[in-house]
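Here is the file entry-v7.csv (CSV, C-alpha atoms).
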chain,number,residue,atom,x,y,z
C,1,MET,CA,0.0,0.0,0.0
C,2,THR,CA,1.4,3.4,-1.0
C,3,SER,CA,2.1,5.7,1.9
C,4,ARG,CA,0.9,9.3,1.9
C,5,ARG,CA,4.5,10.5,1.8
C,6,SER,CA,5.3,8.3,-1.2
C,7,ALA,CA,2.2,9.5,-3.0
C,8,MET,CA,3.1,13.1,-2.4
C,9,GLY,CA,6.6,12.4,-3.8
C,10,LEU,CA,5.2,10.8,-6.9
C,11,PHE,CA,2.8,13.8,-7.3
C,12,ALA,CA,5.7,16.2,-7.1
C,13,ILE,CA,7.7,14.3,-9.7
C,14,GLY,CA,4.7,14.3,-12.0
C,15,LEU,CA,4.2,18.0,-11.5
C,16,ALA,CA,7.8,18.8,-12.3
C,17,ALA,CA,7.5,16.8,-15.5
C,18,LEU,CA,4.7,19.1,-16.5
C,19,VAL,CA,6.4,22.3,-15.5
C,20,TRP,CA,9.9,21.4,-16.9
C,21,PRO,CA,9.5,19.4,-20.2
C,22,ALA,CA,12.1,16.8,-21.1
C,23,GLY,CA,15.6,18.2,-21.7
C,24,ARG,CA,14.8,21.4,-19.7
C,25,ALA,CA,16.0,21.3,-16.1
C,26,PRO,CA,14.7,23.8,-13.5
C,27,ALA,CA,16.8,26.8,-12.9
C,28,LEU,CA,17.5,25.6,-9.4
C,29,ASP,CA,19.4,22.7,-10.7
C,30,TYR,CA,21.3,24.7,-13.3
C,31,PRO,CA,24.2,24.4,-14.1
C,32,THR,CA,25.0,20.7,-13.8
C,33,ARG,CA,27.9,20.7,-16.2
C,34,PRO,CA,30.5,23.2,-17.6
C,35,ILE,CA,29.4,26.2,-19.6
C,36,ARG,CA,31.1,27.3,-22.8
C,37,PHE,CA,31.9,31.0,-22.8
C,38,VAL,CA,32.6,31.9,-26.4
C,39,VAL,CA,35.0,34.9,-27.1
C,40,GLY,CA,35.3,35.9,-30.8
C,41,TYR,CA,38.9,36.9,-30.4
C,42,PRO,CA,42.3,35.2,-29.8
C,43,PRO,CA,43.6,34.7,-26.2
C,44,GLY,CA,45.4,37.5,-24.5
C,45,GLY,CA,43.6,40.6,-25.8
C,46,ALA,CA,41.5,43.0,-23.7
C,47,THR,CA,38.2,41.2,-24.6
C,48,ASP,CA,39.7,37.8,-23.6
C,49,ILE,CA,41.0,39.2,-20.4
C,50,LEU,CA,37.6,40.6,-19.5
C,51,ALA,CA,35.9,37.2,-20.2
C,52,ARG,CA,38.4,35.3,-18.0
C,53,LEU,CA,38.1,37.8,-15.2
C,54,VAL,CA,34.3,37.5,-14.9
C,55,GLY,CA,34.3,33.9,-15.9
C,56,GLN,CA,36.6,32.7,-13.2
C,57,ARG,CA,34.5,34.2,-10.4
C,58,LEU,CA,31.3,33.1,-12.1
C,59,SER,CA,32.6,29.6,-12.2
C,60,GLU,CA,33.3,29.7,-8.4
C,61,ARG,CA,29.8,31.0,-7.7
C,62,LEU,CA,28.0,28.6,-9.9
C,63,GLY,CA,30.0,25.5,-8.9
C,64,GLN,CA,30.6,24.7,-12.6
C,65,GLN,CA,33.5,25.8,-14.8
C,66,LEU,CA,32.9,28.5,-17.5
C,67,VAL,CA,35.3,27.2,-20.2
C,68,ILE,CA,36.6,30.1,-22.3
C,69,GLU,CA,36.4,29.1,-26.0
C,70,ASN,CA,38.2,31.5,-28.3
C,71,LYS,CA,36.7,31.5,-31.8
C,72,PRO,CA,38.4,34.3,-33.7
C,73,GLY,CA,37.7,35.2,-37.3
C,74,ALA,CA,35.5,37.3,-39.6
C,75,GLY,CA,35.5,40.3,-37.3
C,76,ASN,CA,34.0,38.3,-34.3
C,77,ASN,CA,31.2,36.8,-36.5
C,78,ILE,CA,32.4,33.2,-36.3
C,79,GLY,CA,32.2,33.1,-32.6
C,80,THR,CA,28.8,34.9,-32.6
C,81,GLU,CA,27.3,32.6,-35.2
C,82,SER,CA,28.5,29.5,-33.2
C,83,VAL,CA,26.4,30.8,-30.2
C,84,VAL,CA,23.4,31.7,-32.4
C,85,ASN,CA,23.4,28.0,-33.6
C,86,ALA,CA,24.0,26.4,-30.2
C,87,ALA,CA,21.3,24.7,-28.1
C,88,PRO,CA,19.4,27.2,-26.1
C,89,ASP,CA,20.0,25.4,-22.8
C,90,GLY,CA,22.2,27.8,-20.9
C,91,TYR,CA,25.4,25.8,-21.6
C,92,THR,CA,26.7,28.2,-24.3
C,93,VAL,CA,27.0,31.9,-23.8
C,94,LEU,CA,28.7,34.7,-25.7
C,95,LEU,CA,31.1,37.6,-24.7
C,96,VAL,CA,29.1,40.5,-26.3
C,97,ASN,CA,31.3,43.3,-27.5
C,98,PRO,CA,31.3,46.4,-29.8
C,99,ALA,CA,31.8,44.3,-33.0
C,100,ASN,CA,28.3,42.8,-32.5
C,101,TYR,CA,26.7,46.2,-32.7
C,102,ILE,CA,28.9,47.4,-35.6
C,103,ASN,CA,28.8,44.3,-37.7
C,104,ALA,CA,25.0,44.4,-37.9
C,105,SER,CA,25.3,47.1,-40.5
C,106,LEU,CA,28.9,46.8,-41.6
C,107,TYR,CA,28.6,43.3,-43.0
C,108,THR,CA,26.2,42.7,-46.0
C,109,ASN,CA,25.8,39.0,-45.8
C,110,LEU,CA,25.6,37.9,-42.1
C,111,LYS,CA,23.8,34.6,-41.5
C,112,PHE,CA,22.2,35.9,-38.4
C,113,ASP,CA,20.5,39.0,-36.9
C,114,PHE,CA,22.3,39.8,-33.6
C,115,ILE,CA,19.3,41.5,-31.9
C,116,ARG,CA,16.9,38.9,-33.1
C,117,ASP,CA,19.1,35.8,-32.4
C,118,ILE,CA,20.9,36.6,-29.2
C,119,ALA,CA,19.2,37.1,-25.8
C,120,PRO,CA,20.8,39.7,-23.5
C,121,VAL,CA,21.9,38.2,-20.2
C,122,ALA,CA,24.0,40.9,-18.4
C,123,SER,CA,26.1,43.9,-19.0
C,124,PHE,CA,29.7,43.9,-17.8
C,125,ASN,CA,31.1,47.4,-18.3
C,126,ARG,CA,31.8,50.3,-20.7
C,127,VAL,CA,35.4,51.0,-21.8
C,128,PRO,CA,36.4,54.3,-23.4
C,129,ASN,CA,38.6,54.8,-26.3
C,130,VAL,CA,41.2,57.5,-25.9
C,131,MET,CA,41.7,60.2,-28.5
C,132,THR,CA,45.5,60.2,-28.7
C,133,VAL,CA,47.9,62.3,-30.8
C,134,ALA,CA,51.4,61.8,-32.0
C,135,PRO,CA,54.3,63.7,-30.4
C,136,ASP,CA,54.7,66.2,-33.2
C,137,VAL,CA,51.0,67.3,-33.2
C,138,PRO,CA,50.9,70.8,-31.8
C,139,ALA,CA,47.3,70.7,-30.5
C,140,LYS,CA,47.0,70.3,-26.7
C,141,THR,CA,43.2,70.2,-26.5
C,142,VAL,CA,40.3,68.8,-28.6
C,143,ALA,CA,39.3,72.3,-29.7
C,144,GLU,CA,42.9,73.0,-30.9
C,145,PHE,CA,43.0,69.7,-32.7
C,146,ILE,CA,39.8,70.5,-34.6
C,147,ALA,CA,41.3,73.8,-35.6
C,148,TYR,CA,44.6,72.2,-36.6
C,149,VAL,CA,42.8,69.6,-38.8
C,150,LYS,CA,40.7,72.3,-40.5
C,151,ALA,CA,43.8,74.4,-41.1
C,152,ASN,CA,45.6,71.5,-42.8
C,153,PRO,CA,43.0,69.8,-45.1
C,154,GLY,CA,44.0,66.4,-46.3
C,155,LYS,CA,47.2,66.3,-44.2
C,156,VAL,CA,46.1,64.8,-41.0
C,157,ASN,CA,46.0,61.0,-40.9
C,158,MET,CA,43.8,59.1,-38.5
C,159,ALA,CA,45.1,55.6,-37.7
C,160,SER,CA,42.9,52.6,-36.8
C,161,SER,CA,43.2,48.9,-36.0
C,162,GLY,CA,41.2,48.1,-39.1
C,163,ASN,CA,38.2,49.0,-41.3
C,164,GLY,CA,34.9,48.9,-39.3
C,165,THR,CA,36.5,48.5,-35.9
C,166,SER,CA,35.3,50.5,-33.0
C,167,VAL,CA,38.6,52.4,-33.2
C,168,HIS,CA,37.9,53.4,-36.8
C,169,LEU,CA,34.3,54.3,-36.3
C,170,SER,CA,35.0,56.3,-33.1
C,171,GLY,CA,37.1,58.5,-35.3
C,172,GLU,CA,34.4,58.6,-38.0
C,173,LEU,CA,31.9,59.7,-35.5
C,174,PHE,CA,34.3,62.4,-34.3
C,175,MET,CA,34.6,63.6,-37.9
C,176,ALA,CA,30.9,63.6,-38.5
C,177,MET,CA,30.2,65.6,-35.3
C,178,SER,CA,33.1,68.0,-35.4
C,179,GLY,CA,33.5,68.7,-39.1
C,180,ALA,CA,37.2,67.9,-38.9
C,181,LYS,CA,37.9,65.7,-41.9
C,182,MET,CA,40.9,63.4,-41.7
C,183,VAL,CA,42.4,60.7,-43.9
C,184,HIS,CA,41.7,57.2,-42.5
C,185,VAL,CA,44.7,54.9,-42.4
C,186,PRO,CA,43.7,51.3,-41.4
C,187,TYR,CA,46.2,48.9,-39.9
C,188,ARG,CA,46.1,45.2,-39.1
C,189,GLY,CA,45.7,45.7,-35.4
C,190,ALA,CA,46.5,48.4,-32.9
C,191,ALA,CA,50.2,47.5,-32.4
C,192,PRO,CA,51.5,48.6,-35.9
C,193,ALA,CA,49.2,51.7,-35.8
C,194,ILE,CA,50.8,52.7,-32.4
C,195,THR,CA,54.3,52.1,-33.8
C,196,ASP,CA,53.6,54.6,-36.7
C,197,MET,CA,52.0,57.0,-34.2
C,198,LEU,CA,55.2,57.1,-32.2
C,199,SER,CA,57.1,57.8,-35.4
C,200,ASN,CA,54.7,60.6,-36.3
C,201,ARG,CA,53.7,58.8,-39.6
C,202,VAL,CA,50.1,59.2,-38.5
C,203,GLN,CA,48.7,61.9,-36.3
C,204,VAL,CA,45.7,60.6,-34.2
C,205,ILE,CA,44.1,57.4,-33.1
C,206,PHE,CA,40.9,56.7,-31.1
C,207,ASP,CA,42.3,53.5,-29.6
C,208,ASN,CA,40.9,51.2,-26.8
C,209,MET,CA,42.2,52.4,-23.4
C,210,PRO,CA,43.8,49.1,-22.3
C,211,SER,CA,45.8,49.1,-25.6
C,212,ILE,CA,47.0,52.7,-25.6
C,213,ILE,CA,47.3,53.8,-22.0
C,214,GLY,CA,50.9,52.3,-21.6
C,215,HIS,CA,52.1,54.5,-24.5
C,216,ILE,CA,50.8,57.8,-23.1
C,217,ALA,CA,53.7,59.5,-21.5
C,218,PRO,CA,55.7,62.8,-21.4
C,219,GLY,CA,57.5,63.1,-24.7
C,220,GLY,CA,55.5,60.2,-26.2
C,221,LEU,CA,51.9,59.9,-27.3
C,222,ARG,CA,49.5,62.5,-25.8
C,223,ALA,CA,45.9,61.9,-24.7
C,224,LEU,CA,43.5,64.7,-25.6
C,225,ALA,CA,40.3,63.1,-24.5
C,226,VAL,CA,38.3,60.0,-23.6
C,227,THR,CA,35.3,59.0,-25.7
C,228,THR,CA,32.9,58.1,-23.0
C,229,ALA,CA,30.2,60.7,-22.2
C,230,THR,CA,32.0,61.6,-18.9
C,231,ARG,CA,35.6,61.3,-17.7
C,232,SER,CA,37.2,58.0,-16.9
C,233,PRO,CA,38.3,57.2,-13.3
C,234,GLN,CA,41.4,55.7,-14.9
C,235,MET,CA,42.3,59.1,-16.4
C,236,PRO,CA,40.5,61.7,-14.4
C,237,ASP,CA,42.6,64.6,-15.6
C,238,VAL,CA,41.8,63.8,-19.3
C,239,PRO,CA,38.5,65.5,-20.5
C,240,ALA,CA,35.8,63.8,-22.4
C,241,VAL,CA,35.4,64.6,-26.1
C,242,ALA,CA,31.8,65.6,-25.3
C,243,GLU,CA,33.1,68.5,-23.2
C,244,THR,CA,34.1,70.1,-26.6
C,245,VAL,CA,31.8,68.2,-29.0
C,246,PRO,CA,28.4,68.0,-27.2
C,247,GLY,CA,26.7,64.7,-27.5
C,248,TYR,CA,29.7,62.7,-28.6
C,249,GLU,CA,29.9,59.2,-27.0
C,250,ALA,CA,31.8,56.2,-28.3
C,251,SER,CA,32.4,53.6,-25.7
C,252,ALA,CA,33.0,49.8,-25.9
C,253,LEU,CA,30.0,48.1,-24.2
C,254,PHE,CA,30.7,44.5,-23.0
C,255,GLY,CA,28.4,41.8,-21.6
C,256,MET,CA,27.0,38.3,-21.9
C,257,GLY,CA,24.5,36.9,-24.3
C,258,ALA,CA,22.9,33.6,-24.9
C,259,PRO,CA,21.0,31.8,-27.8
C,260,LYS,CA,17.6,33.5,-28.2
C,261,LYS,CA,15.3,30.7,-26.8
C,262,THR,CA,17.4,30.1,-23.6
C,263,PRO,CA,14.9,29.7,-20.7
C,264,ALA,CA,14.1,32.9,-18.9
C,265,GLU,CA,14.8,31.3,-15.5
C,266,ILE,CA,18.4,30.4,-16.6
C,267,ILE,CA,19.0,33.9,-18.0
C,268,GLU,CA,17.7,35.4,-14.7
C,269,LYS,CA,20.0,33.1,-12.7
C,270,LEU,CA,23.1,34.0,-14.8
C,271,ASN,CA,22.1,37.7,-14.6
C,272,LYS,CA,21.9,37.5,-10.8
C,273,GLU,CA,25.2,35.8,-10.5
C,274,VAL,CA,27.0,38.1,-12.9
C,275,ASN,CA,25.7,41.1,-11.0
C,276,ALA,CA,27.0,39.6,-7.8
C,277,VAL,CA,30.4,39.2,-9.3
C,278,LEU,CA,30.5,42.8,-10.6
C,279,ALA,CA,29.6,44.0,-7.1
C,280,GLU,CA,32.7,42.4,-5.5
C,281,PRO,CA,35.2,45.1,-4.6
C,282,GLU,CA,38.2,43.3,-6.2
C,283,ILE,CA,36.4,42.7,-9.4
C,284,ARG,CA,35.2,46.4,-9.5
C,285,LYS,CA,38.8,47.5,-8.9
C,286,ARG,CA,40.1,45.4,-11.8
C,287,LEU,CA,37.3,46.5,-14.1
C,288,VAL,CA,38.2,50.2,-13.4
C,289,GLU,CA,41.9,49.3,-14.1
C,290,LEU,CA,40.7,47.9,-17.5
C,291,GLY,CA,39.0,51.2,-18.2
C,292,GLY,CA,35.4,51.0,-17.1
C,293,GLU,CA,33.2,50.7,-14.0
C,294,PRO,CA,30.8,47.7,-13.7
C,295,LEU,CA,27.3,48.1,-15.2
C,296,ILE,CA,25.0,46.2,-12.9
C,297,GLY,CA,21.5,45.8,-14.3
C,298,THR,CA,18.7,43.6,-15.7
C,299,PRO,CA,18.8,41.6,-19.0
C,300,GLU,CA,16.2,44.1,-20.3
C,301,ALA,CA,18.4,47.1,-19.5
C,302,PHE,CA,21.3,45.4,-21.3
C,303,GLY,CA,19.0,44.7,-24.3
C,304,ALA,CA,18.0,48.4,-24.5
C,305,MET,CA,21.7,49.3,-24.5
C,306,ILE,CA,22.4,46.8,-27.3
C,307,SER,CA,19.6,48.3,-29.4
C,308,ALA,CA,20.9,51.9,-28.8
C,309,GLU,CA,24.5,50.9,-29.7
C,310,THR,CA,23.4,49.1,-32.9
C,311,GLU,CA,21.3,52.1,-34.0
C,312,LYS,CA,24.1,54.6,-33.3
C,313,TRP,CA,26.8,52.6,-35.1
C,314,GLU,CA,24.6,52.0,-38.1
C,315,LYS,CA,24.5,55.8,-38.6
C,316,VAL,CA,28.3,56.0,-38.3
C,317,VAL,CA,28.8,53.1,-40.8
C,318,ARG,CA,26.5,54.9,-43.3
C,319,PHE,CA,28.5,58.1,-42.8
C,320,SER,CA,31.8,56.4,-43.3
C,321,GLY,CA,30.7,54.3,-46.3
C,322,ALA,CA,32.4,51.3,-44.8
C,323,LYS,CA,31.2,47.9,-45.9
C,324,VAL,CA,32.5,44.3,-45.7
C,325,GLU,CA,31.2,41.6,-48.0

Translate this structure into structure tokens?
Amino acid sequence: MTSRRSAMGLFAIGLAALVWPAGRAPALDYPTRPIRFVVGYPPGGATDILARLVGQRLSERLGQQLVIENKPGAGNNIGTESVVNAAPDGYTVLLVNPANYINASLYTNLKFDFIRDIAPVASFNRVPNVMTVAPDVPAKTVAEFIAYVKANPGKVNMASSGNGTSVHLSGELFMAMSGAKMVHVPYRGAAPAITDMLSNRVQVIFDNMPSIIGHIAPGGLRALAVTTATRSPQMPDVPAVAETVPGYEASALFGMGAPKKTPAEIIEKLNKEVNAVLAEPEIRKRLVELGGEPLIGTPEAFGAMISAETEKWEKVVRFSGAKVE
């Protein structure tokens, strides 16, 4: 004869089967195995460092390892597409970065729609680029630089780490909003661009803060401004471009995304745990050192930021005329 306790246990199991269909575990049990954290760039860069910083602490909090999987290529699109096509079970997530917003309009033949196919999970931080000039450039302020460019039409070269990168389009946005037209010189990465900056072959770059900050020194490269809407705690004495060009803002927004149909309770759990990691004093300190304070918020808030960034960069891509087949 079945006891009352056994009967209640069987009822609970049956109810769980109705609430959580086969193949979908309740969020309380998630995760039960390692999670793939896809980064669309090679190991060692600023994006990879950020993923490993957050991923390590998230692994400890979740009790399962977040395995960083570097999938570089096609301007971040290979890694993104692998997540779009992954099972929406919470065991594959994406390091969302500026290329995701830019590529939506830069590439003409993407096999996915980032906003449609990736669910926002949590924002991490915003990192400024730094408007930096070569040693021989006489301008000491953004206003002086704009005047210098306008007084020397066709003679001021703007370096970037490649066509369509956030470094390139931050400069294009500056040209669009200031009227200071420069000649774009794309390089294969920031390192050779900085080498030519130091040799005065090119005059300005809007490079990512972690990449450029070590080269800014007396007698070397000179920072004129940061590209976030307000000053950076990493460089408090350097003004924001917006202090001279009102409304200018070109930061690198980072976060985590997942395949679109990932269960809401899994996204909510990941969001809660990511926010807890970002709130830790040591993590906050390290994020500030990397150029941006933590952005603690909901998946919906991150989704709104993604939409705004995508819309903004689409306008800049149109202005610049940049396209990648």

With a distance cut-off of 6 Å and all atoms listed in the file, select the neighbouring residues of stretch 171-183 of chain C, excluding the residue or stretch itself and same-chain residues fewer than 2 positions from it, and output the selection as a ChimeraX atom specification.
/C:146,149-150,156-158,168-169,206,316

At what distance in Å, to one decimal, does atom CA of C:Phe254 lie from atom CA of C:Pro98?
7.1 Å

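If you look at atom CA of C:Leu53 and atom CA of C:Glu282, they are 10.5 Å away from each other.
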
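Across C:Ala46, C:Ala104, C:Ile216, C:Val39, the tightest approach to C:Asn76 is made by C:Val39 when counting all atoms listed in the file.
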
Pairwise distance, atom CA of C:Ser251 with atom CA of C:Pro128, equals 4.7 Å

Centre and size of axis-aligned box enclosing stretch 260-272 of chain C plus 4 Å each side, as AutoDock Vina command-line options:
--center_x 18.6 --center_y 33.7 --center_z -19.5 --size_x 17.0 --size_y 16.0 --size_z 25.4

Would you mind listing, for every residue of stretch 173-263 of chain C within 10 Å of stretch 35-38 of chain C, the two atoms forming the shortest contact and the distance between them in Å to one decimal, using all atoms listed in the file, sorted by chain and ascending residue number, as JSON lines?
{"residue": "C:Met256", "atom": "CA", "partner": "C:Phe37", "partner_atom": "CA", "distance": 8.8}
{"residue": "C:Gly257", "atom": "CA", "partner": "C:Phe37", "partner_atom": "CA", "distance": 9.6}
{"residue": "C:Ala258", "atom": "CA", "partner": "C:Phe37", "partner_atom": "CA", "distance": 9.6}

Non-local contacts of C:Val83 (12 Å; all atoms listed in the file; under 5 positions in same chain excluded) as number ranges by chain:
C: 35-40, 69-71, 76-78, 88-96, 112, 114, 117-119, 256-262

Taking C-alpha atoms for each residue, export the selection above as an mmCIF file, in the coordinates of the input.
data_model
loop_
_atom_site.group_PDB
_atom_site.id
_atom_site.type_symbol
_atom_site.label_atom_id
_atom_site.label_comp_id
_atom_site.auth_asym_id
_atom_site.auth_seq_id
_atom_site.Cartn_x
_atom_site.Cartn_y
_atom_site.Cartn_z
ATOM 1 C CA ILE C 35 29.400 26.200 -19.600
ATOM 2 C CA ARG C 36 31.100 27.300 -22.800
ATOM 3 C CA PHE C 37 31.900 31.000 -22.800
ATOM 4 C CA VAL C 38 32.600 31.900 -26.400
ATOM 5 C CA VAL C 39 35.000 34.900 -27.100
ATOM 6 C CA GLY C 40 35.300 35.900 -30.800
ATOM 7 C CA GLU C 69 36.400 29.100 -26.000
ATOM 8 C CA ASN C 70 38.200 31.500 -28.300
ATOM 9 C CA LYS C 71 36.700 31.500 -31.800
ATOM 10 C CA ASN C 76 34.000 38.300 -34.300
ATOM 11 C CA ASN C 77 31.200 36.800 -36.500
ATOM 12 C CA ILE C 78 32.400 33.200 -36.300
ATOM 13 C CA PRO C 88 19.400 27.200 -26.100
ATOM 14 C CA ASP C 89 20.000 25.400 -22.800
ATOM 15 C CA GLY C 90 22.200 27.800 -20.900
ATOM 16 C CA TYR C 91 25.400 25.800 -21.600
ATOM 17 C CA THR C 92 26.700 28.200 -24.300
ATOM 18 C CA VAL C 93 27.000 31.900 -23.800
ATOM 19 C CA LEU C 94 28.700 34.700 -25.700
ATOM 20 C CA LEU C 95 31.100 37.600 -24.700
ATOM 21 C CA VAL C 96 29.100 40.500 -26.300
ATOM 22 C CA PHE C 112 22.200 35.900 -38.400
ATOM 23 C CA PHE C 114 22.300 39.800 -33.600
ATOM 24 C CA ASP C 117 19.100 35.800 -32.400
ATOM 25 C CA ILE C 118 20.900 36.600 -29.200
ATOM 26 C CA ALA C 119 19.200 37.100 -25.800
ATOM 27 C CA MET C 256 27.000 38.300 -21.900
ATOM 28 C CA GLY C 257 24.500 36.900 -24.300
ATOM 29 C CA ALA C 258 22.900 33.600 -24.900
ATOM 30 C CA PRO C 259 21.000 31.800 -27.800
ATOM 31 C CA LYS C 260 17.600 33.500 -28.200
ATOM 32 C CA LYS C 261 15.300 30.700 -26.800
ATOM 33 C CA THR C 262 17.400 30.100 -23.600
#

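Neighbourhood of point (27.3, 60.3, -28.1): residues with an atom at most 9 Å away, counting all atoms listed in the file, are C:Leu173, C:Thr227, C:Thr228, C:Ala229, C:Ala242, C:Pro246, C:Gly247, C:Tyr248, C:Glu249, C:Ala250, C:Ser251, C:Lys312.
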
Exercise: C:Thr244 partners within 7 Å, only C-alpha atoms, chain neighbours under 3 positions left out, as a PyMOL selection string:
chain C and resi 142-143+241

Between C:Ile205, C:Val274, C:Ala139, C:Ala304, which is the closest to C:Ala51 once you count all atoms listed in the file?
C:Val274

Of C:Lys315, C:Arg126, C:Arg201, C:Arg222, the one sitting nearest C:Leu290 when using all atoms listed in the file is C:Arg126

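In terms of minimum interatomic distance to C:Leu62, C:Arg33 ranks closest within C:Lys155, C:Arg231, C:His215, C:Arg33, counting all atoms listed in the file.
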
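Counting only C-alpha atoms and comparing C:Gly73, C:Pro210, C:Gly162, C:Gly321, the residue that lies closest to C:Glu289 is C:Pro210.
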
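With only C-alpha atoms as the atoms that count, the minimum distance from C:Pro120 to the choices C:Thr47, C:Ser170, C:Asn97, C:Thr165 is reached by C:Asn97.
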
Pick out the residues sitting within 12 Å of C:Asn109, and hand them over as a ChimeraX atom specification; count only C-alpha atoms, and ignore anything fewer than 4 positions along from it in its own chain.
/C:74,77,103-105,113,323-325

If we draw a sphere of 6 Å around (30.8, 26.6, -17.9), which residues have at least one atom in it when counting all atoms listed in the file? Please report them as a PDB file with C-alpha atoms, keeping the file's coordinate frame.
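As written to disk, result_22.pdb reads:
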ATOM      1  CA  PRO C  34      30.500  23.200 -17.600  1.00  0.00           C
ATOM      2  CA  ILE C  35      29.400  26.200 -19.600  1.00  0.00           C
ATOM      3  CA  ARG C  36      31.100  27.300 -22.800  1.00  0.00           C
ATOM      4  CA  GLN C  64      30.600  24.700 -12.600  1.00  0.00           C
ATOM      5  CA  GLN C  65      33.500  25.800 -14.800  1.00  0.00           C
ATOM      6  CA  LEU C  66      32.900  28.500 -17.500  1.00  0.00           C
ATOM      7  CA  VAL C  67      35.300  27.200 -20.200  1.00  0.00           C
TER       8      VAL C  67
END
